[in-house]
Amino acid sequence: MHRLSRQLEQFHPARKGMLGLGLLTLLYIVTLPFLAYAAGFTIRSVETLLEDNVYLLNARIDYQFSEEAVRALQSGIPLIILSDIEVDEKRDWWWDKTIAELNQGYLLIYHALTEKYIVSNLNSGAQDDYNSLAATIQALGHIERLPLLDTTLVKSDKEYEVLIRVYLDIESLPAPMRPLAYVSSDWQLESEWYTWPLQP
């Protein structure tokens with residue numbers, strides 16, 4: 001290490017600058033692919049509205065699947081995306097109280113013969129198919145008018161907030177894949193909790 005330091009000290013200042021620039025360029029080239037493609041799920045926006053005494057939820061979610069997850073999907077491995085949604089009553093002197101919970105699930109399958117991506121709503125049974133992964137991800141990322149709770153469950157003198165997160169269900173993967181999925185960032189695909197006030 002000391003020998004390397006002495007050798008670097010012998011460089012002409014211009015050469016030192018060129019060496020530093022070259023190292024920075026190499027670092028940029030090596031890390032660029034990782035910066036350009038960061039896998040993960042991000043909730044971009046949430047809003048609630050009131051219609052016929054029922055609160056409805058709209059949300060926009062950005063799904064960035066890892067290359068490993070996409071390869072598995074296109075090789076015939078089904079993927080399940082889960083959404084956890086809560087409505088909490090805000091309390092000043094105690095933990096917030098959860099008054100409603102909803103778990104929404106979507107099954108994502110690639111059908112090789114038809115080259116279609118199929119999305120099934122595990123709650124309602126509704127099913128749609130898409131010609132490309134990009135179209136599939138875009139559709140998954142739009143939650144429209146999802147019923148949350150009835151107004152009879154809320155009190156006018158209380159404040160409430162909606163919490164939502166989305167994640168890839170590792171438990172639904174085939175058993176041989178799970179040990180690696182538990183420790184690999186390629187499969188740890190989940191969003192942070194997103195909070196929004198419950199309001200018309």
# chains A, B, ... in the order shown; residues from 1 in each chain; ligands from 1
$ residues_around --residues "region 38-50 of chain A" --least-positions-apart "4" --cutoff "7 Å" --atoms "only C-alpha atoms" --output "list in words"
Phe34, Val54, Tyr55, Leu56, Leu57, Asn58, Ala59, Arg60, Ile61, Asp62, Tyr63, Gln64, Phe65, Ser66, Leu189, Glu190, Ser191, Tyr194, Trp196, Leu198, Gln199 and Pro200 of chain A
$ select_by_dssp --residues "chain A" --states "strand (DSSP E or B)" --output "number ranges by chain"
A: 40-51, 54-64, 79-89, 97-111, 116-121, 127-130, 142-150, 160-168, 190, 194-197
$ atom_distance --atom1 "CA of Leu79 (chain A)" --atom2 "CA of Ile118 (chain A)"
10.7 Å
$ atom_distance --atom1 "CA of Glu86 (chain A)" --atom2 "CA of Thr98 (chain A)"
6.7 Å
$ select_by_dssp --residues "region 21-146 of chain A" --states "alpha helix (DSSP H)" --output "NGL selection string"
:A and (21-36 or 67-74 or 133-140)
$ write_last_selection --atoms "C-alpha atoms" --output "PDB file, in the first residue's frame"
ATOM      1  CA  LEU A  21     -10.657  11.540 -14.155  1.00  0.00           C
ATOM      2  CA  GLY A  22     -10.195   8.090 -15.631  1.00  0.00           C
ATOM      3  CA  LEU A  23     -11.150   6.408 -12.351  1.00  0.00           C
ATOM      4  CA  LEU A  24     -14.266   8.571 -12.029  1.00  0.00           C
ATOM      5  CA  THR A  25     -15.266   7.751 -15.610  1.00  0.00           C
ATOM      6  CA  LEU A  26     -14.805   4.043 -14.976  1.00  0.00           C
ATOM      7  CA  LEU A  27     -16.874   4.265 -11.799  1.00  0.00           C
ATOM      8  CA  TYR A  28     -19.637   6.084 -13.690  1.00  0.00           C
ATOM      9  CA  ILE A  29     -19.687   3.488 -16.477  1.00  0.00           C
ATOM     10  CA  VAL A  30     -19.828   0.606 -14.003  1.00  0.00           C
ATOM     11  CA  THR A  31     -22.614   2.108 -11.880  1.00  0.00           C
ATOM     12  CA  LEU A  32     -24.700   3.671 -14.666  1.00  0.00           C
ATOM     13  CA  PRO A  33     -26.785   0.547 -15.416  1.00  0.00           C
ATOM     14  CA  PHE A  34     -27.721   0.266 -11.734  1.00  0.00           C
ATOM     15  CA  LEU A  35     -28.645   3.928 -11.490  1.00  0.00           C
ATOM     16  CA  ALA A  36     -30.737   3.763 -14.649  1.00  0.00           C
ATOM     17  CA  GLU A  67     -34.715  -8.223 -14.279  1.00  0.00           C
ATOM     18  CA  GLU A  68     -34.727 -11.448 -12.270  1.00  0.00           C
ATOM     19  CA  ALA A  69     -38.458 -11.130 -11.542  1.00  0.00           C
ATOM     20  CA  VAL A  70     -39.224 -10.377 -15.199  1.00  0.00           C
ATOM     21  CA  ARG A  71     -37.217 -13.418 -16.344  1.00  0.00           C
ATOM     22  CA  ALA A  72     -39.085 -15.619 -13.889  1.00  0.00           C
ATOM     23  CA  LEU A  73     -42.439 -14.258 -15.053  1.00  0.00           C
ATOM     24  CA  GLN A  74     -41.612 -14.813 -18.726  1.00  0.00           C
ATOM     25  CA  LEU A 133     -45.285  -5.963 -19.956  1.00  0.00           C
ATOM     26  CA  ALA A 134     -45.265  -2.166 -20.084  1.00  0.00           C
ATOM     27  CA  ALA A 135     -49.037  -2.064 -20.641  1.00  0.00           C
ATOM     28  CA  THR A 136     -49.515  -4.588 -17.843  1.00  0.00           C
ATOM     29  CA  ILE A 137     -47.478  -2.551 -15.372  1.00  0.00           C
ATOM     30  CA  GLN A 138     -49.285   0.628 -16.340  1.00  0.00           C
ATOM     31  CA  ALA A 139     -52.680  -1.015 -15.701  1.00  0.00           C
ATOM     32  CA  LEU A 140     -51.511  -2.437 -12.377  1.00  0.00           C
TER      33      LEU A 140
END
$ closest_residue --among "A:His142, A:Asp52, A:Leu163, A:Gly125" --to "Glu89 (chain A)" --atoms "only C-alpha atoms"
A:Leu163
$ closest_residue --among "A:Lys158, A:Arg178, A:Lys116, A:Arg145" --to "Arg91 (chain A)" --atoms "only C-alpha atoms"
A:Lys158
